[in-house]
$ cat target_19.txt   # compact mmCIF, C-alpha atoms
# COMPACT_ATOMS: atom_id res chain seq x y z
CA MET A 1 115.07 79.08 110.98
CA GLU A 2 117.38 82.14 111.24
CA THR A 3 120.82 80.56 111.11
CA ALA A 4 123.37 82.68 109.26
CA PRO A 5 124.56 80.69 106.24
CA THR A 6 128.26 79.88 106.41
CA ASP A 7 128.62 80.18 102.63
CA TRP A 8 126.22 82.58 100.94
CA ARG A 9 127.50 81.44 97.52
CA VAL A 10 125.89 78.04 98.03
CA CYS A 11 122.16 78.27 97.39
CA PRO A 12 120.35 75.00 98.18
CA PRO A 13 116.53 74.83 98.19
CA VAL A 14 114.93 76.76 101.08
CA GLU A 15 114.32 74.44 104.02
CA LEU A 16 110.59 74.13 104.52
CA THR A 17 108.51 71.86 106.72
CA ASP A 18 106.95 68.97 104.81
CA LEU A 19 103.58 70.71 104.87
CA LEU A 20 104.94 74.04 103.58
CA GLN A 21 106.95 72.25 100.88
CA HIS A 22 103.85 70.53 99.51
CA ALA A 23 101.78 73.69 99.83
CA ALA A 24 104.41 75.71 97.92
CA GLU A 25 104.40 73.12 95.13
CA ALA A 26 100.61 73.17 94.96
CA PHE A 27 100.52 77.00 94.82
CA SER A 28 103.19 76.95 92.13
CA ASP A 29 101.40 74.29 90.02
CA GLN A 30 97.79 75.41 90.45
CA GLY A 31 98.02 79.03 91.61
CA PHE A 32 96.97 80.19 95.07
CA HIS A 33 93.32 80.41 94.00
CA GLY A 34 93.34 77.09 92.25
CA THR A 35 94.58 75.34 95.40
CA SER A 36 92.25 74.30 98.22
CA VAL A 37 93.25 73.45 101.79
CA ARG A 38 91.98 69.96 100.95
CA ASP A 39 94.46 69.74 98.01
CA ILE A 40 97.33 70.59 100.35
CA ALA A 41 96.20 68.11 103.01
CA GLY A 42 95.93 65.45 100.27
CA ARG A 43 99.47 66.12 99.02
CA VAL A 44 100.91 65.99 102.56
CA GLY A 45 98.83 62.95 103.48
CA VAL A 46 97.13 64.47 106.52
CA THR A 47 93.48 65.23 107.26
CA VAL A 48 92.10 68.74 106.82
CA PRO A 49 91.54 69.16 110.62
CA ALA A 50 95.16 68.09 111.24
CA LEU A 51 96.29 70.77 108.81
CA TYR A 52 94.17 73.42 110.53
CA TYR A 53 95.83 72.44 113.80
CA HIS A 54 99.09 73.94 112.48
CA HIS A 55 97.85 76.73 110.20
CA GLU A 56 94.84 79.00 110.55
CA ASN A 57 93.93 79.07 106.84
CA LYS A 58 95.31 79.00 103.29
CA GLU A 59 96.56 82.59 103.55
CA ALA A 60 98.53 81.74 106.68
CA ILE A 61 100.16 78.87 104.79
CA LEU A 62 101.20 81.13 101.89
CA LEU A 63 102.52 83.71 104.36
CA ALA A 64 104.54 81.00 106.18
CA VAL A 65 106.10 79.87 102.86
CA LEU A 66 107.03 83.45 101.96
CA GLN A 67 108.40 84.15 105.45
CA SER A 68 110.57 81.01 105.36
CA THR A 69 111.99 82.14 102.02
CA MET A 70 112.79 85.59 103.40
CA ALA A 71 114.23 84.11 106.61
CA ASP A 72 116.73 82.35 104.35
CA LEU A 73 117.34 85.22 101.93
CA LEU A 74 117.97 88.05 104.40
CA PRO A 75 120.85 86.49 106.45
CA ARG A 76 122.32 85.26 103.17
CA GLY A 77 122.35 88.85 101.91
CA GLU A 78 123.83 90.12 105.19
CA ALA A 79 126.63 87.55 104.97
CA ALA A 80 127.29 88.57 101.36
CA VAL A 81 127.57 92.24 102.34
CA ALA A 82 129.77 91.42 105.36
CA ASP A 83 132.09 89.55 103.02
CA GLY A 84 132.73 92.78 101.12
CA ASN A 85 134.89 94.00 104.02
CA GLY A 86 133.64 97.56 103.83
CA ASP A 87 134.28 98.03 100.09
CA PRO A 88 130.89 99.13 98.65
CA VAL A 89 131.77 97.81 95.17
CA VAL A 90 132.44 94.30 96.49
CA GLU A 91 129.51 94.55 98.92
CA LEU A 92 127.17 95.36 96.04
CA ALA A 93 128.64 92.68 93.77
CA ASN A 94 128.23 90.09 96.55
CA LEU A 95 124.69 91.18 97.38
CA VAL A 96 123.67 91.06 93.71
CA GLU A 97 125.31 87.64 93.36
CA SER A 98 123.52 86.20 96.40
CA HIS A 99 120.20 87.61 95.23
CA VAL A 100 120.55 86.37 91.64
CA LEU A 101 121.54 82.89 92.83
CA HIS A 102 118.39 82.86 94.97
CA LEU A 103 116.13 84.16 92.18
CA ALA A 104 117.57 81.80 89.57
CA SER A 105 117.84 78.61 91.64
CA ARG A 106 114.48 79.04 93.31
CA ALA A 107 112.54 80.69 90.49
CA ARG A 108 109.50 78.49 91.02
CA PHE A 109 108.94 79.48 94.65
CA VAL A 110 110.11 83.05 94.25
CA ALA A 111 107.30 83.56 91.72
CA LEU A 112 104.80 83.00 94.56
CA ASP A 113 105.61 86.59 95.47
CA SER A 114 103.00 87.67 92.90
CA GLU A 115 100.28 85.85 94.88
CA THR A 116 100.72 88.23 97.83
CA ARG A 117 98.01 90.46 96.43
CA TYR A 118 95.57 87.87 97.67
CA LEU A 119 96.82 88.00 101.28
CA SER A 120 94.80 89.84 103.90
CA PRO A 121 96.08 93.39 104.54
CA GLN A 122 97.68 92.30 107.83
CA ALA A 123 99.45 89.26 106.37
CA ARG A 124 100.49 91.33 103.37
CA ASN A 125 101.99 93.99 105.62
CA GLU A 126 104.01 91.39 107.53
CA TYR A 127 105.50 90.22 104.27
CA ILE A 128 106.04 93.73 102.92
CA GLU A 129 108.12 94.51 106.03
CA LEU A 130 110.49 91.69 105.09
CA ARG A 131 110.72 92.89 101.51
CA ARG A 132 111.54 96.37 102.85
CA ALA A 133 114.40 94.93 104.90
CA LEU A 134 115.93 93.60 101.68
CA GLU A 135 115.45 96.93 99.92
CA LEU A 136 117.02 98.78 102.85
CA MET A 137 120.02 96.44 102.86
CA MET A 138 120.66 97.23 99.22
CA ARG A 139 119.99 100.94 99.63
CA ARG A 140 122.59 101.23 102.38
CA VAL A 141 125.24 99.67 100.15
CA VAL A 142 124.33 102.01 97.28
CA GLU A 143 124.45 104.96 99.70
CA ARG A 144 127.89 104.01 100.97
CA GLY A 145 129.19 103.73 97.40
CA VAL A 146 127.74 107.12 96.46
CA GLY A 147 129.28 108.58 99.65
CA ARG A 148 132.69 107.22 98.70
CA GLY A 149 132.35 108.54 95.16
CA VAL A 150 132.54 105.11 93.48
CA PHE A 151 128.83 104.96 92.55
CA HIS A 152 126.76 107.61 90.86
CA ALA A 153 123.02 107.83 91.65
CA VAL A 154 120.83 110.92 91.27
CA ASP A 155 118.21 109.42 93.59
CA VAL A 156 119.48 106.56 95.79
CA ALA A 157 116.02 105.24 96.74
CA LEU A 158 114.84 105.18 93.12
CA THR A 159 118.07 103.64 91.84
CA THR A 160 117.77 100.88 94.47
CA ARG A 161 114.24 100.14 93.28
CA ALA A 162 115.40 100.08 89.67
CA LEU A 163 118.19 97.68 90.63
CA LEU A 164 115.83 95.36 92.50
CA GLY A 165 113.27 95.53 89.67
CA MET A 166 115.96 94.50 87.20
CA LEU A 167 116.89 91.50 89.35
CA GLN A 168 113.40 90.48 90.37
CA ALA A 169 112.28 90.13 86.75
CA ILE A 170 114.63 87.11 86.45
CA PRO A 171 112.16 84.41 87.62
CA ARG A 172 109.67 85.58 84.97
CA TRP A 173 111.84 84.26 82.15
CA TYR A 174 114.84 82.37 83.56
CA ARG A 175 115.05 78.58 83.26
CA GLU A 176 118.04 76.70 84.69
CA SER A 177 117.97 74.44 81.63
CA GLY A 178 118.87 77.40 79.38
CA GLU A 179 122.33 78.41 78.21
CA LEU A 180 123.30 80.47 81.27
CA GLY A 181 123.82 78.74 84.62
CA PRO A 182 122.90 80.65 87.82
CA ARG A 183 126.53 81.59 88.45
CA GLN A 184 127.12 83.02 84.95
CA LEU A 185 123.80 84.82 85.20
CA ALA A 186 124.94 86.34 88.51
CA GLN A 187 128.16 87.58 86.86
CA ARG A 188 126.22 89.30 84.09
CA TYR A 189 123.93 90.99 86.59
CA ILE A 190 126.87 92.16 88.72
CA GLU A 191 128.25 93.81 85.61
CA MET A 192 124.92 95.43 84.72
CA SER A 193 124.26 96.54 88.30
CA LEU A 194 127.60 98.33 88.54
CA ALA A 195 126.94 99.93 85.13
CA LEU A 196 123.57 101.19 86.39
CA LEU A 197 125.51 102.73 89.30
CA GLY A 198 127.66 104.71 86.85
CA MET A 199 130.85 102.62 86.89
CA PRO A 200 132.73 102.51 83.56
CA PRO A 201 132.36 99.28 81.49
CA ASP A 202 135.95 98.07 82.01
CA GLU A 203 135.63 98.41 85.79
CA CYS A 204 132.27 96.58 85.74
CA ALA A 205 133.85 93.74 83.76
CA ARG A 206 136.84 93.52 86.12
CA VAL A 207 134.69 93.27 89.28
CA SER A 208 132.28 90.81 87.67
CA ALA A 209 135.15 88.57 86.50
CA SER A 210 136.60 88.43 90.01
CA ALA A 211 133.28 87.03 91.28
CA ARG A 212 134.33 83.81 89.41
CA MET B 1 92.16 100.22 67.61
CA GLU B 2 95.59 100.52 65.93
CA THR B 3 95.82 104.22 65.16
CA ALA B 4 99.35 105.58 65.47
CA PRO B 5 99.35 108.25 68.19
CA THR B 6 100.23 111.69 66.85
CA ASP B 7 102.03 112.63 70.07
CA TRP B 8 103.55 109.74 72.00
CA ARG B 9 104.42 112.08 74.87
CA VAL B 10 100.72 112.49 75.68
CA CYS B 11 99.50 109.43 77.56
CA PRO B 12 95.73 109.52 78.19
CA PRO B 13 93.88 106.47 79.60
CA VAL B 14 93.72 103.54 77.16
CA GLU B 15 90.48 103.66 75.18
CA LEU B 16 88.37 100.65 76.13
CA THR B 17 84.80 99.70 75.37
CA ASP B 18 82.44 100.35 78.26
CA LEU B 19 82.36 96.64 79.07
CA LEU B 20 86.15 96.25 79.08
CA GLN B 21 86.55 99.40 81.16
CA HIS B 22 84.26 98.06 83.89
CA ALA B 23 85.84 94.61 83.70
CA ALA B 24 89.34 96.08 84.06
CA GLU B 25 88.20 98.04 87.12
CA ALA B 26 86.64 94.93 88.66
CA PHE B 27 89.80 92.85 88.03
CA SER B 28 91.91 95.62 89.53
CA ASP B 29 89.69 96.00 92.62
CA GLN B 30 88.88 92.35 93.31
CA GLY B 31 91.53 90.38 91.42
CA PHE B 32 90.75 88.18 88.42
CA HIS B 33 89.73 85.29 90.67
CA GLY B 34 87.65 87.47 92.96
CA THR B 35 85.60 88.75 89.99
CA SER B 36 82.71 86.81 88.49
CA VAL B 37 81.17 87.37 85.07
CA ARG B 38 78.05 88.33 87.02
CA ASP B 39 80.01 91.11 88.83
CA ILE B 40 81.13 92.51 85.49
CA ALA B 41 77.63 92.35 84.00
CA GLY B 42 76.34 94.11 87.13
CA ARG B 43 78.88 96.93 86.83
CA VAL B 44 78.15 97.45 83.13
CA GLY B 45 74.40 97.18 83.65
CA VAL B 46 73.77 94.33 81.21
CA THR B 47 72.54 90.77 81.70
CA VAL B 48 74.97 87.87 81.87
CA PRO B 49 73.71 86.40 78.54
CA ALA B 50 74.18 89.82 76.89
CA LEU B 51 77.75 89.84 78.12
CA TYR B 52 78.37 86.32 76.80
CA TYR B 53 77.12 87.54 73.42
CA HIS B 54 80.28 89.69 73.14
CA HIS B 55 82.85 87.63 75.06
CA GLU B 56 83.24 83.89 75.37
CA ASN B 57 84.26 83.88 79.05
CA LYS B 58 86.10 85.78 81.80
CA GLU B 59 89.50 84.84 80.38
CA ALA B 60 88.54 86.24 76.98
CA ILE B 61 87.58 89.50 78.71
CA LEU B 62 90.95 89.76 80.49
CA LEU B 63 92.75 88.97 77.24
CA ALA B 64 90.76 91.67 75.41
CA VAL B 65 91.72 94.25 78.09
CA LEU B 66 95.41 93.30 77.85
CA GLN B 67 95.31 93.34 74.04
CA SER B 68 93.73 96.80 73.98
CA THR B 69 96.50 98.06 76.26
CA MET B 70 99.19 96.60 74.01
CA ALA B 71 97.44 97.91 70.87
CA ASP B 72 97.92 101.37 72.37
CA LEU B 73 101.42 100.85 73.76
CA LEU B 74 103.12 99.35 70.69
CA PRO B 75 102.39 102.11 68.11
CA ARG B 76 103.23 104.67 70.81
CA GLY B 77 106.64 103.03 71.22
CA GLU B 78 107.15 102.91 67.43
CA ALA B 79 106.36 106.60 67.15
CA ALA B 80 108.80 107.36 70.00
CA VAL B 81 111.59 105.44 68.25
CA ALA B 82 110.79 107.06 64.87
CA ASP B 83 111.13 110.45 66.55
CA GLY B 84 114.75 109.61 67.40
CA ASN B 85 115.67 110.18 63.72
CA GLY B 86 118.11 107.28 63.64
CA ASP B 87 120.13 108.32 66.71
CA PRO B 88 120.03 105.26 69.01
CA VAL B 89 120.59 107.39 72.14
CA VAL B 90 117.54 109.53 71.40
CA GLU B 91 115.57 106.50 70.20
CA LEU B 92 116.25 104.72 73.48
CA ALA B 93 115.51 107.80 75.56
CA ASN B 94 112.21 108.28 73.72
CA LEU B 95 111.22 104.63 74.01
CA VAL B 96 111.99 104.60 77.75
CA GLU B 97 110.04 107.84 78.17
CA SER B 98 106.98 106.52 76.35
CA HIS B 99 107.07 103.28 78.32
CA VAL B 100 107.50 104.97 81.71
CA LEU B 101 104.64 107.39 80.97
CA HIS B 102 102.46 104.38 80.18
CA LEU B 103 103.52 102.41 83.27
CA ALA B 104 103.18 105.38 85.61
CA SER B 105 99.94 106.88 84.29
CA ARG B 106 98.21 103.54 83.88
CA ALA B 107 99.70 101.66 86.83
CA ARG B 108 96.36 100.21 87.90
CA PHE B 109 95.61 98.49 84.59
CA VAL B 110 99.20 97.62 83.81
CA ALA B 111 99.29 95.57 87.02
CA LEU B 112 96.70 93.22 85.46
CA ASP B 113 99.68 91.79 83.60
CA SER B 114 100.34 89.61 86.67
CA GLU B 115 96.94 87.95 86.22
CA THR B 116 98.00 86.45 82.89
CA ARG B 117 99.16 83.30 84.69
CA TYR B 118 95.49 82.42 84.96
CA LEU B 119 94.86 82.65 81.23
CA SER B 120 94.55 79.46 79.18
CA PRO B 121 97.81 78.49 77.40
CA GLN B 122 96.43 79.72 74.07
CA ALA B 123 95.24 83.08 75.39
CA ARG B 124 98.49 83.46 77.31
CA ASN B 125 100.51 82.82 74.16
CA GLU B 126 98.58 85.45 72.24
CA TYR B 127 99.46 87.98 74.92
CA ILE B 128 103.07 86.84 75.21
CA GLU B 129 103.49 87.48 71.47
CA LEU B 130 102.56 91.12 72.04
CA ARG B 131 104.96 91.42 74.97
CA ARG B 132 107.70 89.96 72.74
CA ALA B 133 107.02 92.63 70.13
CA LEU B 134 107.77 95.27 72.77
CA GLU B 135 110.94 93.48 73.86
CA LEU B 136 112.09 93.16 70.26
CA MET B 137 111.48 96.87 69.63
CA MET B 138 113.74 97.73 72.57
CA ARG B 139 116.34 95.13 71.68
CA ARG B 140 116.72 96.54 68.16
CA VAL B 141 117.42 100.01 69.55
CA VAL B 142 119.98 98.60 72.03
CA GLU B 143 121.59 96.65 69.19
CA ARG B 144 121.86 99.74 66.99
CA GLY B 145 123.49 101.65 69.85
CA VAL B 146 125.99 98.86 70.50
CA GLY B 147 126.71 98.70 66.76
CA ARG B 148 127.44 102.43 66.67
CA GLY B 149 129.65 102.15 69.75
CA VAL B 150 127.54 104.49 71.90
CA PHE B 151 126.10 101.72 74.11
CA HIS B 152 127.95 98.93 75.86
CA ALA B 153 126.21 95.58 76.42
CA VAL B 154 127.91 92.22 76.94
CA ASP B 155 124.68 90.40 76.08
CA VAL B 156 122.12 92.49 74.19
CA ALA B 157 119.16 90.17 74.85
CA LEU B 158 119.90 89.97 78.59
CA THR B 159 120.50 93.71 78.89
CA THR B 160 117.17 94.39 77.17
CA ARG B 161 115.42 92.12 79.68
CA ALA B 162 117.18 93.85 82.57
CA LEU B 163 116.10 97.22 81.17
CA LEU B 164 112.49 96.12 80.78
CA GLY B 165 112.51 94.53 84.26
CA MET B 166 113.74 97.79 85.75
CA LEU B 167 110.91 99.70 84.06
CA GLN B 168 108.16 97.16 84.61
CA ALA B 169 108.68 97.19 88.38
CA ILE B 170 107.35 100.77 88.42
CA PRO B 171 103.62 99.94 88.80
CA ARG B 172 104.42 97.83 91.89
CA TRP B 173 105.31 100.90 93.95
CA TYR B 174 104.58 104.08 91.97
CA ARG B 175 101.68 106.35 92.94
CA GLU B 176 100.93 109.49 90.94
CA SER B 177 100.14 111.29 94.20
CA GLY B 178 103.78 110.89 95.32
CA GLU B 179 106.56 113.44 94.93
CA LEU B 180 107.57 112.49 91.38
CA GLY B 181 105.18 113.16 88.49
CA PRO B 182 105.21 110.73 85.53
CA ARG B 183 107.36 113.09 83.46
CA GLN B 184 110.04 113.51 86.13
CA LEU B 185 109.97 109.78 86.74
CA ALA B 186 110.54 109.24 83.00
CA GLN B 187 113.57 111.57 83.09
CA ARG B 188 115.13 109.62 85.96
CA TYR B 189 114.60 106.32 84.16
CA ILE B 190 116.09 107.67 80.93
CA GLU B 191 119.18 108.58 82.93
CA MET B 192 119.35 105.15 84.61
CA SER B 193 118.68 103.29 81.34
CA LEU B 194 121.55 105.03 79.56
CA ALA B 195 123.80 104.35 82.57
CA LEU B 196 122.90 100.65 82.38
CA LEU B 197 123.96 100.82 78.73
CA GLY B 198 127.40 102.05 79.77
CA MET B 199 127.09 105.76 79.02
CA PRO B 200 129.02 108.06 81.40
CA PRO B 201 126.95 109.89 84.08
CA ASP B 202 127.36 113.38 82.58
CA GLU B 203 126.15 112.16 79.16
CA CYS B 204 123.16 110.39 80.79
CA ALA B 205 122.26 113.60 82.61
CA ARG B 206 122.55 115.69 79.44
CA VAL B 207 120.26 113.42 77.38
CA SER B 208 117.76 113.05 80.22
CA ALA B 209 117.60 116.85 80.72
CA SER B 210 116.89 117.40 77.03
CA ALA B 211 113.79 115.15 77.34
CA ARG B 212 112.28 118.08 79.36
$ encode --input "target_19.txt" --output "structure tokens"
Amino acid sequence: METAPTDWRVCPPVELTDLLQHAAEAFSDQGFHGTSVRDIAGRVGVTVPALYYHHENKEAILLAVLQSTMADLLPRGEAAVADGNGDPVVELANLVESHVLHLASRARFVALDSETRYLSPQARNEYIELRRALELMMRRVVERGVGRGVFHAVDVALTTRALLGMLQAIPRWYRESGELGPRQLAQRYIEMSLALLGMPPDECARVSASAR
Amino acid sequence: METAPTDWRVCPPVELTDLLQHAAEAFSDQGFHGTSVRDIAGRVGVTVPALYYHHENKEAILLAVLQSTMADLLPRGEAAVADGNGDPVVELANLVESHVLHLASRARFVALDSETRYLSPQARNEYIELRRALELMMRRVVERGVGRGVFHAVDVALTTRALLGMLQAIPRWYRESGELGPRQLAQRYIEMSLALLGMPPDECARVSASAR
């Protein structure tokens, strides 16, 4: 599952096993609580015992969906940062772009994140570790930019959380059928992210425009 | 329920009826789905039929809790804006401060917002209208600031959503027992909000410091 994407700007649907794909759709349509293991088995076209052969319970299925999403998102983010060639401004712009493309193109599955409150503490912790890896990736870029004097942040950890909060609200309202496509949306968020990091408006616009 | 708060900087717990208070605690502890009407009746110390006398069903109870919260938050925000005396920078700083105080001091109940996906479409729409009122309040302040040339925003509606997303992520991680009190947290978010709106770092720091 952990193959580094060759082009982080291309954001196809996350590759899931047939079972996880159907489960994710069921959770998205009916909510985690409104979905039974029997519903999932019915959608996949297998028996309930066959389903239990692969997954311990409904929680384990949700965790597997979330882990597959993260296993796609994290290397994509790393590739985006690597493509910045050590320039924190470009690294941040790339990371924001890769994350917005993910949030916008996969809004339906990304929203499953809110169902994690129903995971067992252990399963929840496994997922939280992955979320932390994403936060840390972004924090390091912010830190490098502050170190070089191109970003301004009074509190790097808090600013990183604010930045992620700003991005992660996207699936709550964004629809691909609206006036902004995922790529234009990414440009706008690059511009706003750099503004949040204290860069002057004209610089924010210049970097955002060069993201095409 | 709709009394304008005399001091929007004071943020006591939202006033709820005894029944709604217990229901909100149950939803927060056990999740909306993990809570039965019987659980709520048990916590309040009334019979299930007595509870149904006041509220149609569990959804109506959740909606009533969320409406009470909004009925407190909205006039508080209006008072904060009014206190800016027509200066969009102060209006925005005040509105951010009042919202952060609410999100930080009431994190447990505010998080019930994520349970709205389980409301019926009609109940959900009623709540969404209230959320829109908050968004509109903030958008108008951003618009005034852009009009006066003190804020920079390529897309006022999108910037307002980014701003709200940044703030509304707070209850997901904030604990009052941590190193930042609600008031300090508010100061940091004032600074970041003004940065997002294109104000230079030293100006952001000056305005944030004057919020005490």
$ closest_residue --input "target_19.txt" --among "B:Leu62, B:Leu196, B:Ile40, B:Ala26" --to "Thr116 (chain B)" --atoms "all atoms listed in the file"
B:Leu62
$ residues_around --input "target_19.txt" --residues "Arg108 (chain A)" --least-positions-apart "4" --cutoff "12 Å" --atoms "all atoms listed in the file" --output "ChimeraX atom specification"
/A:13-14,21,24-29,31,69,102-104,112-114,170-176
$ interface_residues --input "target_19.txt" --of "chain A" --to "chain B" --cutoff "7 Å" --atoms "all atoms listed in the file" --output "list of chain:residue names"
A:His33, A:Ala162, A:Leu163, A:Gly165, A:Met166, A:Ala169, A:Met192, A:Ala195, A:Leu196, A:Gly198, A:Pro200, A:Pro201
$ residues_around --input "target_19.txt" --residues "region 119-129 of chain A" --least-positions-apart "6" --cutoff "8 Å" --atoms "all atoms listed in the file" --output "PyMOL selection string"
chain A and resi 59-60+63+66-67
$ residues_around --input "target_19.txt" --residues "Arg140 (chain B)" --least-positions-apart "2" --cutoff "10 Å" --atoms "all atoms listed in the file" --output "NGL selection string"
:B and (88 or 92 or 135-138 or 142-146 or 156-157 or 160)
$ atom_distance --input "target_19.txt" --atom1 "CA of Ala186 (chain B)" --atom2 "CA of Val207 (chain B)"
12.0 Å
$ atom_distance --input "target_19.txt" --atom1 "CA of Gly147 (chain B)" --atom2 "CA of Asn85 (chain B)"
16.2 Å
$ atom_distance --input "target_19.txt" --atom1 "CA of Lys58 (chain B)" --atom2 "CA of Ala71 (chain B)"
19.9 Å
$ residues_around --input "target_19.txt" --residues "Met70 (chain A)" --least-positions-apart "3" --cutoff "10 Å" --atoms "all atoms listed in the file" --output "ChimeraX atom specification"
/A:2,14,64-67,73-76,110,127,130-131,133-134
$ build_atoms --input "target_19.txt" --residues "region 13-26 of chain B" --atoms "N, CA and C atoms" --output "compact mmCIF listing (two decimals), keeping the file's coordinate frame"
# COMPACT_ATOMS: atom_id res chain seq x y z
N PRO B 13 94.30 107.84 79.31
CA PRO B 13 93.88 106.47 79.60
C PRO B 13 93.66 105.70 78.30
N VAL B 14 93.95 104.38 78.34
CA VAL B 14 93.72 103.54 77.16
C VAL B 14 92.23 103.55 76.84
N GLU B 15 91.90 103.68 75.56
CA GLU B 15 90.48 103.66 75.18
C GLU B 15 89.95 102.23 75.18
N LEU B 16 88.98 101.98 76.03
CA LEU B 16 88.37 100.65 76.13
C LEU B 16 86.88 100.78 75.90
N THR B 17 86.26 99.69 75.44
CA THR B 17 84.80 99.70 75.37
C THR B 17 84.28 99.79 76.80
N ASP B 18 83.04 100.20 76.94
CA ASP B 18 82.44 100.35 78.26
C ASP B 18 82.56 99.04 79.06
N LEU B 19 82.30 97.94 78.39
CA LEU B 19 82.36 96.64 79.07
C LEU B 19 83.78 96.34 79.55
N LEU B 20 84.77 96.55 78.69
CA LEU B 20 86.15 96.25 79.08
C LEU B 20 86.63 97.20 80.18
N GLN B 21 86.19 98.43 80.12
CA GLN B 21 86.55 99.40 81.16
C GLN B 21 86.07 98.92 82.53
N HIS B 22 84.81 98.53 82.61
CA HIS B 22 84.26 98.06 83.89
C HIS B 22 84.92 96.75 84.32
N ALA B 23 85.19 95.88 83.36
CA ALA B 23 85.84 94.61 83.70
C ALA B 23 87.23 94.86 84.25
N ALA B 24 87.98 95.78 83.61
CA ALA B 24 89.34 96.08 84.06
C ALA B 24 89.30 96.63 85.49
N GLU B 25 88.31 97.49 85.77
CA GLU B 25 88.20 98.04 87.12
C GLU B 25 87.89 96.93 88.13
N ALA B 26 87.00 96.03 87.76
CA ALA B 26 86.64 94.93 88.66
C ALA B 26 87.86 94.04 88.92
